[in-house]
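Chemist: Got a structure for you, questions after.
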Amino acid sequence: MKAPTIRMQDPIPKDKIASQFLSQRPREYRDNTHSRANANQIRSVAWNALGNRIAVTFALSSLIRVWIPDKFEVRYSTELKGHSASVDSVAWDPNFADGLASCCAIDGSVRLWNARTKNMLQVVRTGTEVNFLTYSPDGKYLAVCTNSRRMLILENGSLSQKEPYVDIESDVSRAIFSFSGDILFIALKSGSVRVVSFDSGSGSAGSILMSFAAHMAPITCMELDPKGRYLALGSNDSLVSLWDLQEWVCVRTLGKAGHSIRSLSFSFDGSYLAISADKDEPVQIAHVESGEYLGTVNRPSPFTVPMVSWHPTKYLLAYGGDNAGLKVLGSDDGK
């Protein structure tokens with residue numbers, strides 16, 4: 001079967017982002033199956049690789065809800081149930097559009113799902129608190145962050161555990177693979193970043209290629225620029241730093257937020273960065289190359305922090321954080 005052709009939306013220049021993106025009315029995905037308090041406390045948001053599914057987890061619920069972007073009513077969504085407490089992180093399989101992985105710190109489990117059939121395909125109980133997971137670009141492995149100063153590498157499908165990477169001086173907050181899959185970036189709560197070699201054949205993390213102190217406070221989020229130019233780090237020090245992946249220097253610091261950074265997401269073309277911080281601050285949209293702040297996405301509720309995630313091929317920003325639950329801002333008219 002021939003793979004579907006994915007067409008990128010035409011670029012929006014920075015002087016048009018306010019009129020063509022920020023001025024759009026957000027789509028609302030109302031979840032009336034929960035109380036209002038549950039609905040507005042979205043913990044994580046993630047698009048699948050095709051951009052035709054959005055997975056959402058909640059701070060006060062153990063379920064995962066999967067939305068179809070062009071269907072706003074909850075009856076068209078899918079519920080995945082199995083965790084015994086709130087789900088900390090979800091990640092989509094890059095090679096299987098309906099394949100979803102999830103982890104929960106309280107029950108210590110990692111689970112694999114078929115979001116279309118609602119079936120839980122596999123589960124492993126790690127015996128430790130697991131707070132974040134991400135796929136390798138070939139979909140063969142999951143890197144799982146723990147609160148016990150070790151990184152777990154699980155084989156996709158069986159969830160069999162490879163030799164854990166344990167030479168870590170601080171708790172792991174985030175991890176992400178390079179697009180080539182041979183490097184693993186590990187962000188620590190000490191504010192440092194480890195750059196570690198990764199063998200995709202054996203699924204093992206190897207030697208430390210580089211280690212650098214990026215922030216004076218714990219790193220809370222980390223994203224790779226889709227063009228492979230920058231590594232973006234958000235921290236409790238209220239700063240976002242952009243690191244050049246060729247020279248390994250910090251080329252830009254974004255410091256408009258007044259509180260801890262909680263979520264970052266690059267647009268599909270790497271032109272824009274969505275930044276979400278604590279308290280009642282709006283989501284900031286920054287131009288990556290210039291560092292210029294271009295506008296904000298407001299949220300009515302100061303009590304929850306929007307998690308942000310850009311669509312993989314369009315200027316559509318999914319976020320949560322107010323009484324309507326999930327929202328998607330933008331237009332896909334350029335498809």
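Each chain in the structure tokens gets a letter, A, B, ..., in the order shown, and its residues are numbered from 1; ligands are numbered from 1 in order too.
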Near Gly191 (chain A), counting only C-alpha atoms, which residues have an atom at most 10 Å away, once you skip same-chain residues fewer than 5 positions from it, shown as a list of chain:residue names?

Modeler: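 Counting only C-alpha atoms, the residues come to A:Ser170, A:Val172, A:Ser173, A:Phe212, A:Ala213, A:Ala214, A:His215, A:Met216, A:Ala217, A:Pro218, A:Ile219, A:Thr220, A:Leu233, A:Gly234, A:Ser235, A:Asn236, A:Asp237.
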
Chemist: Can I get the selection written as a tab-separated table (two decimals), in the first residue's frame, with N, CA, C and O atoms?

Modeler:
```tsv
chain	number	residue	atom	x	y	z
A	170	SER	N	21.41	13.48	38.36
A	170	SER	CA	20.19	14.20	38.74
A	170	SER	C	18.99	13.51	38.10
A	170	SER	O	19.13	12.74	37.14
A	172	VAL	N	15.88	12.84	35.78
A	172	VAL	CA	15.67	13.14	34.38
A	172	VAL	C	14.30	13.78	34.20
A	172	VAL	O	13.30	13.26	34.69
A	173	SER	N	14.24	14.90	33.51
A	173	SER	CA	12.96	15.56	33.28
A	173	SER	C	12.43	15.31	31.87
A	173	SER	O	11.22	15.12	31.68
A	212	PHE	N	26.47	19.86	29.17
A	212	PHE	CA	26.60	21.29	29.41
A	212	PHE	C	25.51	21.79	30.35
A	212	PHE	O	24.40	21.24	30.39
A	213	ALA	N	25.86	22.79	31.12
A	213	ALA	CA	24.91	23.44	32.03
A	213	ALA	C	24.13	24.47	31.23
A	213	ALA	O	24.70	25.45	30.75
A	214	ALA	N	22.84	24.25	31.07
A	214	ALA	CA	22.02	25.12	30.23
A	214	ALA	C	21.24	26.15	31.03
A	214	ALA	O	21.03	27.27	30.58
A	215	HIS	N	20.79	25.76	32.23
A	215	HIS	CA	19.97	26.65	33.06
A	215	HIS	C	20.37	26.52	34.52
A	215	HIS	O	20.97	25.52	34.93
A	216	MET	N	20.01	27.53	35.31
A	216	MET	CA	20.31	27.55	36.74
A	216	MET	C	19.23	26.85	37.56
A	216	MET	O	19.36	26.73	38.77
A	217	ALA	N	18.17	26.40	36.90
A	217	ALA	CA	17.05	25.74	37.57
A	217	ALA	C	16.66	24.51	36.74
A	217	ALA	O	17.14	24.32	35.62
A	218	PRO	N	15.80	23.65	37.27
A	218	PRO	CA	15.41	22.43	36.54
A	218	PRO	C	14.86	22.72	35.15
A	218	PRO	O	14.10	23.67	34.95
A	219	ILE	N	15.27	21.91	34.19
A	219	ILE	CA	14.70	21.98	32.84
A	219	ILE	C	13.36	21.26	32.86
A	219	ILE	O	13.25	20.14	33.35
A	220	THR	N	12.34	21.92	32.35
A	220	THR	CA	10.99	21.39	32.42
A	220	THR	C	10.47	20.87	31.08
A	220	THR	O	9.55	20.05	31.04
A	233	LEU	N	15.06	24.69	25.10
A	233	LEU	CA	14.92	24.24	26.48
A	233	LEU	C	14.11	25.26	27.26
A	233	LEU	O	14.36	26.46	27.16
A	234	GLY	N	13.15	24.78	28.05
A	234	GLY	CA	12.41	25.64	28.96
A	234	GLY	C	12.73	25.24	30.39
A	234	GLY	O	12.99	24.06	30.68
A	235	SER	N	12.71	26.22	31.30
A	235	SER	CA	13.18	25.95	32.66
A	235	SER	C	12.34	26.66	33.71
A	235	SER	O	11.57	27.58	33.41
A	236	ASN	N	12.54	26.23	34.96
A	236	ASN	CA	11.89	26.90	36.08
A	236	ASN	C	12.45	28.29	36.32
A	236	ASN	O	11.91	29.05	37.13
A	237	ASP	N	13.54	28.65	35.64
A	237	ASP	CA	14.08	30.01	35.79
A	237	ASP	C	13.35	31.02	34.91
A	237	ASP	O	13.79	32.17	34.81
```

Chemist: Neighbouring residues of region 96-106 of chain A were defined as those with any atom within 6 Å, considering only C-alpha atoms; residues of the same chain fewer than 5 positions away were excluded. Please report them as a list in words.

Modeler: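 Listed by chain and then number, they are Val87, Asp88, Ser89, Val90, Ala91, Arg111, Leu112, Trp113, Asn114, Ala115, Arg116, Glu129, Val130 and Asn131 of chain A.
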
Chemist: Find the residue from A:Leu154, A:Lys14, A:Ala46, A:Gly181 that sits nearest to Ser290 (chain A); use only C-alpha atoms when measuring.

Modeler: A:Lys14

Chemist: Please provide as a ChimeraX atom specification all residues within 9 Å of region 156-160 of chain A, with the sequence filter that same-chain residues fewer than 3 positions apart are discarded (counting only C-alpha atoms).

Modeler: /A:93,110-112,121-124,135,139-142,153

Chemist: Can you spit out the residues from that selection as a CSV table (one decimal), in the first residue's frame, using C-alpha atoms?

Modeler:
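What landed in out18.csv:
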```csv
chain,number,residue,atom,x,y,z
A,93,ASP,CA,4.2,5.9,17.2
A,110,VAL,CA,4.0,2.2,30.4
A,111,ARG,CA,1.2,1.1,28.1
A,112,LEU,CA,0.8,0.7,24.3
A,121,LEU,CA,-1.7,-3.8,23.3
A,122,GLN,CA,0.9,-4.1,26.0
A,123,VAL,CA,1.7,-3.0,29.5
A,124,VAL,CA,4.8,-3.1,31.6
A,135,TYR,CA,9.8,7.4,20.5
A,139,GLY,CA,9.7,3.7,16.1
A,140,LYS,CA,11.7,0.8,17.5
A,141,TYR,CA,12.3,2.1,21.0
A,142,LEU,CA,10.8,4.3,23.7
A,153,ILE,CA,14.9,2.1,27.0
```

Chemist: Name all residues at most 10 Å from region 48-63 of chain A (count only C-alpha atoms; drop same-chain ones fewer than 4 positions away) and give them as a PyMOL selection string.

Modeler: chain A and resi 4-6+34-35+37-44+67-70+77-100+102+104+115-116+304+307+309-314+316+318-320+325-326

Chemist: When distances are computed from only C-alpha atoms, which of A:Leu22, A:Phe268, A:Glu163, A:Phe132 shows the smallest separation from Val283 (chain A)?

Modeler: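 Going through A:Leu22, A:Phe268, A:Glu163, A:Phe132 one by one, the smallest distance to Val283 (chain A) is for A:Leu22.
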
Chemist: So, counting only C-alpha atoms, which residue among A:Pro226, A:Pro137, A:Ser260, A:Asp280 is closest to Ile183 (chain A)?

Modeler: A:Pro137

Chemist: Output as an mmCIF file with C-alpha atoms, in the first residue's frame all residues of region 119-224 of chain A that backbone DSSP marks as strand (DSSP E).

Modeler:
```
data_model
loop_
_atom_site.group_PDB
_atom_site.id
_atom_site.type_symbol
_atom_site.label_atom_id
_atom_site.label_comp_id
_atom_site.auth_asym_id
_atom_site.auth_seq_id
_atom_site.Cartn_x
_atom_site.Cartn_y
_atom_site.Cartn_z
ATOM 1 C CA ASN A 119 -7.315 -1.922 22.625
ATOM 2 C CA MET A 120 -4.462 -1.850 25.103
ATOM 3 C CA LEU A 121 -1.745 -3.803 23.287
ATOM 4 C CA GLN A 122 0.897 -4.118 25.989
ATOM 5 C CA VAL A 123 1.716 -2.979 29.507
ATOM 6 C CA VAL A 124 4.833 -3.074 31.636
ATOM 7 C CA ARG A 125 5.090 -2.045 35.277
ATOM 8 C CA VAL A 130 7.816 7.308 35.071
ATOM 9 C CA ASN A 131 7.023 10.873 34.034
ATOM 10 C CA PHE A 132 7.768 11.231 30.311
ATOM 11 C CA LEU A 133 8.295 9.110 27.222
ATOM 12 C CA THR A 134 9.264 9.595 23.591
ATOM 13 C CA TYR A 135 9.758 7.393 20.527
ATOM 14 C CA TYR A 141 12.271 2.123 20.966
ATOM 15 C CA LEU A 142 10.795 4.260 23.710
ATOM 16 C CA ALA A 143 12.974 6.385 25.966
ATOM 17 C CA VAL A 144 11.269 6.707 29.343
ATOM 18 C CA CYS A 145 12.236 9.294 31.970
ATOM 19 C CA THR A 146 12.042 8.316 35.636
ATOM 20 C CA MET A 151 16.602 6.400 31.787
ATOM 21 C CA LEU A 152 14.697 3.344 30.614
ATOM 22 C CA ILE A 153 14.888 2.134 27.015
ATOM 23 C CA LEU A 154 11.927 -0.091 26.079
ATOM 24 C CA GLU A 155 11.481 -2.002 22.847
ATOM 25 C CA VAL A 172 15.667 13.142 34.378
ATOM 26 C CA SER A 173 12.956 15.559 33.276
ATOM 27 C CA ARG A 174 12.883 15.110 29.488
ATOM 28 C CA ALA A 175 14.527 13.167 26.671
ATOM 29 C CA ILE A 176 14.397 13.376 22.911
ATOM 30 C CA PHE A 177 16.098 11.555 20.036
ATOM 31 C CA ILE A 183 21.851 10.670 19.581
ATOM 32 C CA LEU A 184 19.747 10.948 22.723
ATOM 33 C CA PHE A 185 19.366 14.341 24.402
ATOM 34 C CA ILE A 186 18.686 14.016 28.143
ATOM 35 C CA ALA A 187 17.526 17.051 30.138
ATOM 36 C CA LEU A 188 18.110 16.970 33.879
ATOM 37 C CA SER A 192 22.133 20.385 32.620
ATOM 38 C CA VAL A 193 21.818 18.488 29.338
ATOM 39 C CA ARG A 194 23.523 15.227 28.443
ATOM 40 C CA VAL A 195 24.151 14.403 24.775
ATOM 41 C CA VAL A 196 24.530 10.627 24.577
ATOM 42 C CA SER A 197 25.226 8.290 21.660
ATOM 43 C CA PHE A 198 22.516 5.757 20.883
ATOM 44 C CA ASP A 199 22.814 2.431 19.055
ATOM 45 C CA SER A 204 21.427 0.946 24.099
ATOM 46 C CA ALA A 205 22.628 4.372 25.154
ATOM 47 C CA GLY A 206 26.381 4.712 24.917
ATOM 48 C CA SER A 207 29.030 7.271 25.747
ATOM 49 C CA ILE A 208 28.486 10.880 26.717
ATOM 50 C CA LEU A 209 29.313 13.012 23.686
ATOM 51 C CA MET A 210 28.730 16.291 25.456
ATOM 52 C CA SER A 211 27.378 17.651 28.711
ATOM 53 C CA PHE A 212 26.602 21.290 29.409
ATOM 54 C CA ALA A 213 24.906 23.439 32.032
ATOM 55 C CA ILE A 219 14.702 21.976 32.837
ATOM 56 C CA THR A 220 10.985 21.387 32.417
ATOM 57 C CA CYS A 221 10.579 20.920 28.651
ATOM 58 C CA MET A 222 12.701 20.304 25.574
ATOM 59 C CA GLU A 223 11.957 20.353 21.836
ATOM 60 C CA LEU A 224 13.919 19.909 18.611
#
```

Chemist: Please list as a PyMOL selection string every residue within 7 Å of Ala286 (chain A), counting only C-alpha atoms and excluding residues in the same chain fewer than 3 positions away.

Modeler: chain A and resi 272-274+291-294

Chemist: Using DSSP assignments from the backbone, pull out every residue in region 20-173 of chain A that falls under helix (DSSP H, G or I) and give it to me as a PyMOL selection string.

Modeler: chain A and resi 20-22+36-39+74-76
